[in-house]
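K.L.:
This is the structure I want to talk about, given as structure tokens.
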Amino acid sequence: MAEASANLESATAEALSKDRMVSATVNARGEIADLKFHTDKYRSMAPAELAAAVKDVVERARRDVARQVSDALGDLAPGDSAARAQAVAGDPSALLQELGLGPMGPPR
């Protein structure tokens, strides 16, 4: 368990836009660890277009790292893999519900 935890702590995922303009690296907590612009194309883009490109690479990187974390947890964590993946992606409600720790708190 300690080894799996250490591996998860260092897990990252990177996504690159289709046009190779921007890339994002996300850590196991889903936080942006790095954001790079590889070309100057962003300078001539409409703000909404640039925002969509950045959002897309960040979301893809988050999905990839969530999948890595879910796969690494395997049978170590309670709950089914779908609930674990959902928890890693930022919504622990399904996993908490499976564990009996839903919105009402622990069972009495």
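Residues in the structure tokens are numbered from 1 in each chain, the chains being A, B, ... in the order shown, and ligands are numbered from 1 in the order shown.
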Skipping near chain neighbours, those fewer than 6 positions away, what residues fall within 12 Å of Ala52 (chain A) using only C-alpha atoms, listed as a list in words?

P.N.:
Ser17, Val22, Tyr42, Met45, Ala46, Val58 and Glu59 of chain A

K.L.:
Export, as a PDB file, in the first residue's frame, the selected residues with N, CA and C atoms.

P.N.:
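The resulting again04.pdb:
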ATOM      1  N   SER A  17      -2.383  19.398 -27.635  1.00  0.00           N
ATOM      2  CA  SER A  17      -3.457  19.741 -28.561  1.00  0.00           C
ATOM      3  C   SER A  17      -3.161  19.158 -29.941  1.00  0.00           C
ATOM      4  N   VAL A  22      -0.414  23.717 -27.684  1.00  0.00           N
ATOM      5  CA  VAL A  22      -0.400  23.791 -26.230  1.00  0.00           C
ATOM      6  C   VAL A  22      -0.424  22.383 -25.639  1.00  0.00           C
ATOM      7  N   TYR A  42      -1.303  31.038 -30.442  1.00  0.00           N
ATOM      8  CA  TYR A  42      -2.258  31.543 -29.448  1.00  0.00           C
ATOM      9  C   TYR A  42      -2.437  33.064 -29.530  1.00  0.00           C
ATOM     10  N   MET A  45      -5.362  33.916 -31.806  1.00  0.00           N
ATOM     11  CA  MET A  45      -6.623  33.210 -31.577  1.00  0.00           C
ATOM     12  C   MET A  45      -7.615  34.090 -30.833  1.00  0.00           C
ATOM     13  N   ALA A  46      -8.878  33.850 -31.110  1.00  0.00           N
ATOM     14  CA  ALA A  46      -9.941  34.508 -30.343  1.00  0.00           C
ATOM     15  C   ALA A  46      -9.872  33.974 -28.910  1.00  0.00           C
ATOM     16  N   VAL A  58      -6.260  20.200 -20.743  1.00  0.00           N
ATOM     17  CA  VAL A  58      -6.294  19.975 -19.291  1.00  0.00           C
ATOM     18  C   VAL A  58      -7.266  18.838 -18.969  1.00  0.00           C
ATOM     19  N   GLU A  59      -8.437  18.846 -19.568  1.00  0.00           N
ATOM     20  CA  GLU A  59      -9.419  17.791 -19.306  1.00  0.00           C
ATOM     21  C   GLU A  59      -8.905  16.420 -19.753  1.00  0.00           C
TER      22      GLU A  59
END

K.L.:
Using only C-alpha atoms for the distances, tell me which of A:Arg67, A:Glu9, A:Val57, A:Asp40 is nearest to Asn27 (chain A).

P.N.:
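So, comparing all the options, the nearest one is A:Glu9.
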
K.L.:
Between A:His38, A:Arg43, A:Arg63, A:Lys55, which residue has the minimum interatomic distance to Ala13 (chain A), considering only C-alpha atoms?

P.N.:
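Once distances to Ala13 (chain A) are computed over only C-alpha atoms, the minimum belongs to A:Arg63.
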
K.L.:
From the list A:Ser70, A:Val54, A:Ser44, A:Ile32, which residue is nearest Arg20 (chain A) when using only C-alpha atoms?

P.N.:
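When distances to Arg20 (chain A) are compared using only C-alpha atoms, the smallest one comes from A:Val54.
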
K.L.:
Report as a CSV table (one decimal) with N, CA and C atoms, in the first residue's frame: the residues of region 30-80 of chain A with a DSSP assignment of helix (DSSP H, G or I), based on the backbone of this structure.

P.N.:
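Saved to states.csv:
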chain,number,residue,atom,x,y,z
A,41,LYS,N,0.9,30.6,-32.1
A,41,LYS,CA,-0.5,30.6,-32.7
A,41,LYS,C,-1.5,31.2,-31.7
A,42,TYR,N,-1.3,31.0,-30.4
A,42,TYR,CA,-2.3,31.5,-29.4
A,42,TYR,C,-2.4,33.1,-29.5
A,43,ARG,N,-1.4,33.8,-30.0
A,43,ARG,CA,-1.5,35.2,-30.1
A,43,ARG,C,-2.5,35.7,-31.1
A,44,SER,N,-2.9,34.9,-32.1
A,44,SER,CA,-3.9,35.4,-33.0
A,44,SER,C,-5.2,34.7,-32.9
A,47,PRO,N,-10.2,34.8,-27.9
A,47,PRO,CA,-10.1,34.3,-26.5
A,47,PRO,C,-10.9,33.0,-26.3
A,48,ALA,N,-12.1,32.9,-26.8
A,48,ALA,CA,-12.9,31.7,-26.6
A,48,ALA,C,-12.2,30.5,-27.2
A,49,GLU,N,-11.6,30.7,-28.4
A,49,GLU,CA,-10.9,29.6,-29.0
A,49,GLU,C,-9.7,29.1,-28.2
A,50,LEU,N,-8.9,30.1,-27.7
A,50,LEU,CA,-7.8,29.7,-26.9
A,50,LEU,C,-8.2,29.0,-25.6
A,51,ALA,N,-9.2,29.6,-25.0
A,51,ALA,CA,-9.8,29.0,-23.7
A,51,ALA,C,-10.2,27.5,-24.0
A,52,ALA,N,-10.9,27.3,-25.1
A,52,ALA,CA,-11.3,25.9,-25.4
A,52,ALA,C,-10.2,25.0,-25.6
A,53,ALA,N,-9.1,25.5,-26.3
A,53,ALA,CA,-7.9,24.6,-26.5
A,53,ALA,C,-7.2,24.3,-25.2
A,54,VAL,N,-7.1,25.2,-24.3
A,54,VAL,CA,-6.5,25.0,-23.0
A,54,VAL,C,-7.3,24.0,-22.2
A,55,LYS,N,-8.6,24.3,-22.2
A,55,LYS,CA,-9.5,23.5,-21.4
A,55,LYS,C,-9.5,22.0,-21.9
A,56,ASP,N,-9.5,21.8,-23.2
A,56,ASP,CA,-9.4,20.5,-23.8
A,56,ASP,C,-8.2,19.7,-23.3
A,57,VAL,N,-7.0,20.3,-23.4
A,57,VAL,CA,-5.8,19.6,-23.0
A,57,VAL,C,-5.8,19.3,-21.5
A,58,VAL,N,-6.3,20.2,-20.7
A,58,VAL,CA,-6.3,20.0,-19.3
A,58,VAL,C,-7.3,18.8,-19.0
A,59,GLU,N,-8.4,18.8,-19.6
A,59,GLU,CA,-9.4,17.8,-19.3
A,59,GLU,C,-8.9,16.4,-19.8
A,60,ARG,N,-8.3,16.4,-20.9
A,60,ARG,CA,-7.7,15.1,-21.4
A,60,ARG,C,-6.6,14.6,-20.4
A,61,ALA,N,-5.8,15.5,-20.0
A,61,ALA,CA,-4.7,15.1,-19.1
A,61,ALA,C,-5.3,14.6,-17.7
A,62,ARG,N,-6.3,15.3,-17.3
A,62,ARG,CA,-7.0,14.8,-16.0
A,62,ARG,C,-7.6,13.5,-16.2
A,63,ARG,N,-8.3,13.2,-17.3
A,63,ARG,CA,-8.8,11.9,-17.5
A,63,ARG,C,-7.8,10.8,-17.5
A,64,ASP,N,-6.6,11.1,-18.2
A,64,ASP,CA,-5.5,10.1,-18.3
A,64,ASP,C,-4.9,9.8,-16.9
A,65,VAL,N,-4.7,10.9,-16.1
A,65,VAL,CA,-4.1,10.6,-14.8
A,65,VAL,C,-5.1,9.9,-13.9
A,66,ALA,N,-6.4,10.3,-14.0
A,66,ALA,CA,-7.4,9.6,-13.2
A,66,ALA,C,-7.5,8.1,-13.5
A,67,ARG,N,-7.3,7.8,-14.8
A,67,ARG,CA,-7.3,6.4,-15.2
A,67,ARG,C,-6.0,5.7,-14.6
A,68,GLN,N,-4.9,6.4,-14.7
A,68,GLN,CA,-3.7,5.8,-14.1
A,68,GLN,C,-3.9,5.5,-12.6
A,69,VAL,N,-4.4,6.5,-11.9
A,69,VAL,CA,-4.6,6.3,-10.4
A,69,VAL,C,-5.6,5.2,-10.2
A,70,SER,N,-6.7,5.1,-10.9
A,70,SER,CA,-7.7,4.1,-10.7
A,70,SER,C,-7.1,2.7,-11.0
A,71,ASP,N,-6.3,2.6,-12.1
A,71,ASP,CA,-5.7,1.3,-12.4
A,71,ASP,C,-4.7,0.9,-11.3
A,72,ALA,N,-3.9,1.9,-10.8
A,72,ALA,CA,-2.9,1.6,-9.8
A,72,ALA,C,-3.6,1.2,-8.5
A,73,LEU,N,-4.7,1.7,-8.2
A,73,LEU,CA,-5.4,1.3,-6.9
A,73,LEU,C,-5.9,-0.1,-7.0
A,74,GLY,N,-6.3,-0.5,-8.2
A,74,GLY,CA,-6.8,-1.9,-8.4
A,74,GLY,C,-7.7,-2.4,-7.3
A,75,ASP,N,-7.3,-3.4,-6.7
A,75,ASP,CA,-8.0,-4.0,-5.6
A,75,ASP,C,-7.7,-3.5,-4.3
A,76,LEU,N,-6.7,-2.5,-4.2
A,76,LEU,CA,-6.3,-2.0,-2.9
A,76,LEU,C,-7.4,-1.1,-2.3
